[in-house]
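Asks: Just so it is clear, I am handing over run_37.tsv, which has TSV, C-alpha atoms.
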chain	number	residue	atom	x	y	z
W	1	ASP	CA	92.42	97.85	86.69
W	2	SER	CA	92.09	101.41	88.01
W	3	GLY	CA	90.44	102.72	84.87
W	4	VAL	CA	93.39	104.99	84.04
W	5	THR	CA	95.28	103.52	81.10
W	6	GLN	CA	98.90	104.27	80.38
W	7	THR	CA	100.95	103.13	77.42
W	8	PRO	CA	103.54	101.89	76.90
W	9	LYS	CA	104.32	100.06	80.14
W	10	HIS	CA	108.03	99.98	79.45
W	11	LEU	CA	110.23	102.10	77.25
W	12	ILE	CA	113.96	101.85	76.67
W	13	THR	CA	115.60	104.57	74.64
W	14	ALA	CA	118.95	106.23	74.10
W	15	THR	CA	120.15	109.58	75.39
W	16	GLY	CA	119.16	112.49	73.18
W	17	GLN	CA	116.03	110.81	71.91
W	18	ARG	CA	112.40	111.88	72.24
W	19	VAL	CA	109.52	109.75	73.53
W	20	THR	CA	105.80	110.17	74.03
W	21	LEU	CA	103.87	108.68	76.92
W	22	ARG	CA	100.12	108.31	76.65
W	23	CYS	CA	97.36	108.38	79.25
W	24	SER	CA	93.63	107.82	79.03
W	25	PRO	CA	91.75	108.98	82.15
W	26	ARG	CA	88.87	107.18	83.81
W	27	SER	CA	85.56	107.64	82.10
W	28	GLY	CA	84.01	110.89	83.30
W	29	ASP	CA	87.22	112.38	84.71
W	30	LEU	CA	88.16	115.70	83.13
W	31	SER	CA	91.46	116.27	84.93
W	32	VAL	CA	94.72	114.54	84.15
W	33	TYR	CA	97.88	114.83	86.20
W	34	TRP	CA	101.41	113.65	85.44
W	35	TYR	CA	103.88	112.55	88.11
W	36	GLN	CA	107.46	111.33	88.02
W	37	GLN	CA	108.79	108.80	90.51
W	38	SER	CA	112.53	108.34	90.84
W	39	LEU	CA	114.75	106.96	93.58
W	40	ASP	CA	116.46	110.27	94.29
W	41	GLN	CA	113.53	112.68	93.89
W	42	GLY	CA	110.64	110.52	95.04
W	43	LEU	CA	107.18	111.27	93.64
W	44	GLN	CA	106.98	114.69	92.03
W	45	PHE	CA	104.08	116.49	90.38
W	46	LEU	CA	104.81	117.54	86.82
W	47	ILE	CA	101.71	119.07	85.26
W	48	GLN	CA	97.90	119.13	85.31
W	49	TYR	CA	95.34	119.48	82.55
W	50	TYR	CA	91.63	120.08	82.92
W	51	ASN	CA	89.36	119.59	79.93
W	52	GLY	CA	92.14	120.40	77.50
W	53	GLU	CA	93.64	123.35	79.33
W	54	GLU	CA	96.83	123.47	81.37
W	55	ARG	CA	95.94	124.23	84.99
W	56	ALA	CA	99.07	123.80	87.07
W	57	LYS	CA	102.75	123.18	86.59
W	58	GLY	CA	105.19	121.60	88.97
W	59	ASN	CA	108.82	120.65	88.59
W	60	ILE	CA	108.60	119.98	84.90
W	61	LEU	CA	111.72	120.47	82.83
W	62	GLU	CA	111.63	122.66	79.74
W	63	ARG	CA	112.54	119.56	77.70
W	64	PHE	CA	109.21	118.06	78.77
W	65	SER	CA	105.80	119.08	77.49
W	66	ALA	CA	102.29	117.75	77.67
W	67	GLN	CA	98.87	118.24	76.17
W	68	GLN	CA	95.34	117.01	76.61
W	69	PHE	CA	93.25	116.27	73.56
W	70	PRO	CA	89.50	116.78	72.96
W	71	ASP	CA	88.84	113.12	73.81
W	72	LEU	CA	90.58	113.87	77.15
W	73	HIS	CA	93.52	111.56	76.67
W	74	SER	CA	96.86	113.17	77.44
W	75	GLU	CA	100.37	112.81	76.16
W	76	LEU	CA	103.63	113.64	77.91
W	77	ASN	CA	106.49	114.37	75.54
W	78	LEU	CA	110.04	114.01	76.80
W	79	SER	CA	112.85	115.21	74.54
W	80	SER	CA	116.65	115.39	74.55
W	81	LEU	CA	116.55	112.58	77.05
W	82	GLU	CA	119.24	112.24	79.68
W	83	LEU	CA	120.19	109.31	81.89
W	84	GLY	CA	118.63	111.12	84.84
W	85	ASP	CA	115.21	111.08	83.16
W	86	SER	CA	114.98	107.36	83.80
W	87	ALA	CA	111.99	106.98	86.12
W	88	LEU	CA	108.44	105.74	86.50
W	89	TYR	CA	105.96	108.20	85.01
W	90	PHE	CA	102.45	108.06	86.37
W	91	CYS	CA	99.29	109.59	85.10
W	92	ALA	CA	96.37	110.19	87.43
W	93	SER	CA	92.84	111.42	86.87
W	94	SER	CA	90.15	112.82	89.11
W	95	TYR	CA	86.51	113.80	89.26
W	96	LYS	CA	85.68	117.10	90.96
W	97	GLY	CA	89.22	118.12	91.86
W	98	GLY	CA	90.11	115.30	94.17
W	99	SER	CA	87.11	115.25	96.50
W	100	TYR	CA	86.85	111.58	95.64
W	101	GLY	CA	90.59	111.10	95.44
W	102	TYR	CA	93.00	110.68	92.57
W	103	THR	CA	93.25	107.45	90.60
W	104	PHE	CA	96.64	106.50	89.27
W	105	GLY	CA	97.47	104.48	86.20
W	106	SER	CA	99.96	101.62	86.19
W	107	GLY	CA	102.76	103.86	84.99
W	108	THR	CA	105.35	103.87	82.23
W	109	ARG	CA	108.84	102.81	83.20
W	110	LEU	CA	111.31	104.81	81.14
W	111	THR	CA	114.90	103.69	80.93
W	112	VAL	CA	117.38	105.95	79.17
W	113	VAL	CA	120.63	104.23	78.19
H	1	GLU	CA	107.19	125.51	99.81
H	2	LEU	CA	105.12	122.66	101.19
H	3	LYS	CA	107.11	119.87	102.82
H	4	VAL	CA	105.65	116.50	103.76
H	5	GLU	CA	107.58	114.24	106.08
H	6	GLN	CA	106.79	110.68	107.02
H	7	ASN	CA	108.21	108.66	109.82
H	8	PRO	CA	109.42	106.12	110.16
H	9	LEU	CA	110.83	105.60	106.68
H	10	PHE	CA	111.43	101.92	107.35
H	11	LEU	CA	109.23	99.77	109.54
H	12	SER	CA	109.80	96.12	110.27
H	13	MET	CA	106.91	94.56	112.16
H	14	GLN	CA	105.93	91.18	113.43
H	15	GLU	CA	102.61	89.75	112.44
H	16	GLY	CA	99.94	90.52	114.98
H	17	LYS	CA	101.55	93.73	116.23
H	18	ASN	CA	100.21	97.29	116.03
H	19	TYR	CA	102.04	100.34	114.78
H	20	THR	CA	101.50	103.89	113.54
H	21	ILE	CA	102.99	105.78	110.60
H	22	TYR	CA	103.10	109.56	110.97
H	23	CYS	CA	102.77	112.17	108.27
H	24	ASN	CA	103.63	115.79	109.09
H	25	TYR	CA	103.24	118.66	106.68
H	26	SER	CA	104.43	122.23	106.79
H	27	THR	CA	101.59	124.35	105.40
H	28	THR	CA	97.89	124.53	106.16
H	29	SER	CA	95.83	122.05	104.18
H	30	ASP	CA	92.61	120.18	104.74
H	31	ARG	CA	93.11	117.48	102.14
H	32	LEU	CA	95.33	114.49	102.68
H	33	TYR	CA	95.53	111.13	100.94
H	34	TRP	CA	97.13	107.81	101.78
H	35	TYR	CA	98.37	105.45	99.09
H	36	ARG	CA	99.88	102.01	99.02
H	37	GLN	CA	102.49	100.96	96.45
H	38	ASP	CA	103.81	97.46	95.86
H	39	PRO	CA	107.27	97.20	94.23
H	40	GLY	CA	107.19	98.44	90.64
H	41	LYS	CA	103.43	98.87	90.74
H	42	SER	CA	100.96	101.70	90.70
H	43	LEU	CA	99.67	103.77	93.62
H	44	GLU	CA	96.56	102.30	95.19
H	45	SER	CA	94.31	104.77	96.98
H	46	LEU	CA	93.69	103.84	100.60
H	47	PHE	CA	92.09	106.86	102.23
H	48	VAL	CA	90.81	110.31	101.30
H	49	LEU	CA	90.76	112.69	104.28
H	50	LEU	CA	89.04	116.00	103.55
H	51	SER	CA	88.52	117.74	106.88
H	52	ASN	CA	89.93	118.24	110.34
H	53	GLY	CA	89.16	115.30	112.57
H	54	ALA	CA	88.44	112.96	109.68
H	55	VAL	CA	88.90	109.31	110.58
H	56	LYS	CA	88.53	106.44	108.16
H	57	GLN	CA	89.01	102.71	108.59
H	58	GLU	CA	89.38	99.87	106.15
H	59	GLY	CA	90.25	96.45	107.46
H	60	ARG	CA	93.40	96.61	109.58
H	61	LEU	CA	94.19	100.19	108.56
H	62	MET	CA	92.86	103.38	110.10
H	63	ALA	CA	93.78	106.91	109.04
H	64	SER	CA	93.14	110.22	110.76
H	65	LEU	CA	93.75	113.89	110.04
H	66	ASP	CA	94.47	116.73	112.46
H	67	THR	CA	94.74	119.88	110.34
H	68	LYS	CA	95.61	122.09	113.30
H	69	ALA	CA	98.62	119.96	114.15
H	70	ARG	CA	99.29	119.39	110.42
H	71	LEU	CA	99.48	115.71	111.17
H	72	SER	CA	97.96	112.56	109.77
H	73	THR	CA	98.42	109.06	111.12
H	74	LEU	CA	98.02	105.63	109.54
H	75	HIS	CA	97.48	103.02	112.23
H	76	ILE	CA	98.04	99.36	111.52
H	77	THR	CA	96.26	96.85	113.72
H	78	ALA	CA	97.34	93.21	114.04
H	79	ALA	CA	99.63	93.36	111.02
H	80	VAL	CA	99.65	90.55	108.47
H	81	HIS	CA	102.22	89.76	105.79
H	82	ASP	CA	99.93	91.02	103.01
H	83	LEU	CA	100.30	94.56	104.37
H	84	SER	CA	103.97	94.62	103.37
H	85	ALA	CA	104.31	97.52	100.92
H	86	THR	CA	105.37	101.16	100.73
H	87	TYR	CA	102.86	103.65	102.13
H	88	PHE	CA	102.74	107.27	101.03
H	89	CYS	CA	100.85	110.22	102.35
H	90	ALA	CA	100.17	113.11	99.99
H	91	VAL	CA	98.95	116.62	100.73
H	92	ASP	CA	96.78	118.58	98.36
H	93	MET	CA	96.65	122.32	98.55
H	94	GLY	CA	96.50	125.54	96.69
H	95	THR	CA	94.14	126.98	94.19
H	96	SER	CA	94.62	124.02	91.91
H	97	TYR	CA	93.81	120.79	93.65
H	98	GLY	CA	95.70	117.82	92.31
H	99	LYS	CA	99.16	119.21	92.79
H	100	LEU	CA	99.94	116.56	95.36
H	101	THR	CA	103.08	116.79	97.45
H	102	PHE	CA	104.11	113.32	98.59
H	103	GLY	CA	106.01	112.18	101.63
H	104	GLN	CA	109.10	110.07	101.21
H	105	GLY	CA	107.19	106.86	101.76
H	106	THR	CA	107.34	104.29	104.56
H	107	ILE	CA	108.58	100.84	103.58
H	108	LEU	CA	106.65	98.37	105.73
H	109	THR	CA	107.79	94.78	106.08
H	110	VAL	CA	105.70	92.38	108.13
H	111	HIS	CA	107.48	89.26	109.35
H	112	PRO	CA	105.84	86.02	110.50
So that I can check it, write out the structure of this file as structure tokens.
Replies:
Amino acid sequence: DSGVTQTPKHLITATGQRVTLRCSPRSGDLSVYWYQQSLDQGLQFLIQYYNGEERAKGNILERFSAQQFPDLHSELNLSSLELGDSALYFCASSYKGGSYGYTFGSGTRLTVV
Amino acid sequence: ELKVEQNPLFLSMQEGKNYTIYCNYSTTSDRLYWYRQDPGKSLESLFVLLSNGAVKQEGRLMASLDTKARLSTLHITAAVHDLSATYFCAVDMGTSYGKLTFGQGTILTVHP
């Protein structure tokens, strides 16, 4: 157990639907990062939050959004889902901006049918 | 745009042999990370390299970073079957650390 908790582990949904993925960072970590892993795109950075504020954005689609709450857990919202959104979504957290590395959760496997 | 390239992408080794995975990146950075991923699983942190010349070893794995050459290596010594996995390098740069750019991954298979 890495200390980063992601739920649910698996999600199957239909095209056009909306889902929410949840992440709780390791105790003491203020930063949360979201990544998408797919066969064609590999591992891609989506977005970063630090203590409730958005800090950096990567290749995140407009249909996707995220937020970090006062208790530091984060949610990634994916809407108007398409088949191509099927992927593994990872959350990571860090202490002091990565000087001690980034710890990844076990991921949520999203399948859009 | 930062590009990170690993080679080889596929590596089939015999147990007991040595080999090196290379990670080249296109833009100056002094932070590089190596991860291991088993099929369908999470990314396990192997090494955190934070400066030029950094060298770290853990068991049969040793990683190094040459920021001037923009190159990191992951050396495998006397491979065993348990090392079979996909290995990723990731480069961290910019004003907002944590925006990791990953290599394509190297799929390592160790045969008896």
Asks: Hey, list the chain W side of the contact with chain H: 9 Å cut-off, only C-alpha atoms, answer as a tab-separated table (two decimals) with C-alpha atoms, in the coordinates of the input.
Replies:
chain	number	residue	atom	x	y	z
W	2	SER	CA	92.09	101.41	88.01
W	31	SER	CA	91.46	116.27	84.93
W	32	VAL	CA	94.72	114.54	84.15
W	33	TYR	CA	97.88	114.83	86.20
W	41	GLN	CA	113.53	112.68	93.89
W	42	GLY	CA	110.64	110.52	95.04
W	43	LEU	CA	107.18	111.27	93.64
W	44	GLN	CA	106.98	114.69	92.03
W	45	PHE	CA	104.08	116.49	90.38
W	46	LEU	CA	104.81	117.54	86.82
W	47	ILE	CA	101.71	119.07	85.26
W	48	GLN	CA	97.90	119.13	85.31
W	55	ARG	CA	95.94	124.23	84.99
W	56	ALA	CA	99.07	123.80	87.07
W	57	LYS	CA	102.75	123.18	86.59
W	58	GLY	CA	105.19	121.60	88.97
W	88	LEU	CA	108.44	105.74	86.50
W	90	PHE	CA	102.45	108.06	86.37
W	93	SER	CA	92.84	111.42	86.87
W	94	SER	CA	90.15	112.82	89.11
W	97	GLY	CA	89.22	118.12	91.86
W	98	GLY	CA	90.11	115.30	94.17
W	99	SER	CA	87.11	115.25	96.50
W	100	TYR	CA	86.85	111.58	95.64
W	101	GLY	CA	90.59	111.10	95.44
W	102	TYR	CA	93.00	110.68	92.57
W	103	THR	CA	93.25	107.45	90.60
W	104	PHE	CA	96.64	106.50	89.27
W	105	GLY	CA	97.47	104.48	86.20
W	106	SER	CA	99.96	101.62	86.19
W	107	GLY	CA	102.76	103.86	84.99
W	109	ARG	CA	108.84	102.81	83.20
Asks: Excluding same-chain residues fewer than 3 positions from Arg18 of chain W, what lies within 12 Å of it counting only C-alpha atoms, as a PyMOL selection string?
Replies: chain W and resi 11-15+21+63-65+76-82+85+110+112
Asks: If you measure from atom CA of Asn24 of chain H to atom CA of Leu71 of chain H, what distance in Å do you get, rounded to one decimal?
Replies: 4.6 Å
Asks: Take atom CA of Ala54 of chain H and atom CA of Arg70 of chain H and report the distance between them in Å, one decimal.
Replies: 12.6 Å
Asks: Excluding Asp66 of chain H and any residue of its chain fewer than 2 positions from it, enumerate the residues within 9 Å of it, using only C-alpha atoms, and give them as a VMD selection string.
Replies: chain H and resid 30 51 to 54 64 68 to 73
Asks: Provide the atom CA of Cys23 of chain H to atom CA of Gln37 of chain H distance in Å, to one decimal place.
Replies: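 Interatomic distance here is 16.3 Å.
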Asks: Counting all atoms listed in the file, select every polymer residue within 10 Å of (95.9, 88.7, 107.7) as defined in the file's coordinates, and provide the selection as JSON, numbers by chain.
Replies: {"H": [15, 16, 59, 60, 78, 79, 80, 81, 82, 83]}
Asks: Point out the residue among W:Ile60, W:Tyr95, W:Phe69, W:Ser86 with the least atom-to-atom distance to Tyr35 of chain W, counting only C-alpha atoms.
Replies: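 The closest residue to Tyr35 of chain W is W:Ile60.
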Asks: Would you please work out which residue, of W:Pro70, W:Gly3, W:Pro25, W:Gly16, is nearest to Cys91 of chain W when using all atoms listed in the file?
Replies: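 Once distances to Cys91 of chain W are computed over all atoms listed in the file, the minimum belongs to W:Pro25.
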Asks: Around all of segment 66-76 of chain H's listed atoms, make the axis-aligned box with 3 Å on each side and tell me centre and edge lengths in Å to one decimal, as AutoDock Vina command-line options.
Replies:
--center_x 97.0 --center_y 110.7 --center_z 111.8 --size_x 11.0 --size_y 28.7 --size_z 10.6
Asks: List the spatial neighbours of Leu74 of chain H as a list in words - criterion: any atom at most 6 Å away, only C-alpha atoms, same-chain residues fewer than 5 positions off excluded.
Replies: Thr20, Ile21, Met62 and Ala63 of chain H
Asks: Choose the residue, out of H:His75, H:Cys89, H:Thr106, H:Ser29, that has the smallest atom-to-atom separation from Leu11 of chain H; count all atoms listed in the file.
Replies: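 Among the listed residues, H:Thr106 lies closest to Leu11 of chain H.
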Asks: Quick one: residues within 7 Å of Thr77 of chain H, only C-alpha atoms counted, chain neighbours fewer than 4 positions away excluded, as a CSV table (one decimal) with C-alpha atoms, in the frame of the given file?
Replies:
chain,number,residue,atom,x,y,z
H,17,LYS,CA,101.6,93.7,116.2
H,18,ASN,CA,100.2,97.3,116.0
H,19,TYR,CA,102.0,100.3,114.8
H,60,ARG,CA,93.4,96.6,109.6
H,61,LEU,CA,94.2,100.2,108.6
Asks: Select, from W:Gly84, W:Glu62, W:Lys9, W:Glu54, the residue with the minimum atom-to-atom distance to Trp34 of chain W, counting only C-alpha atoms.
Replies: W:Glu54
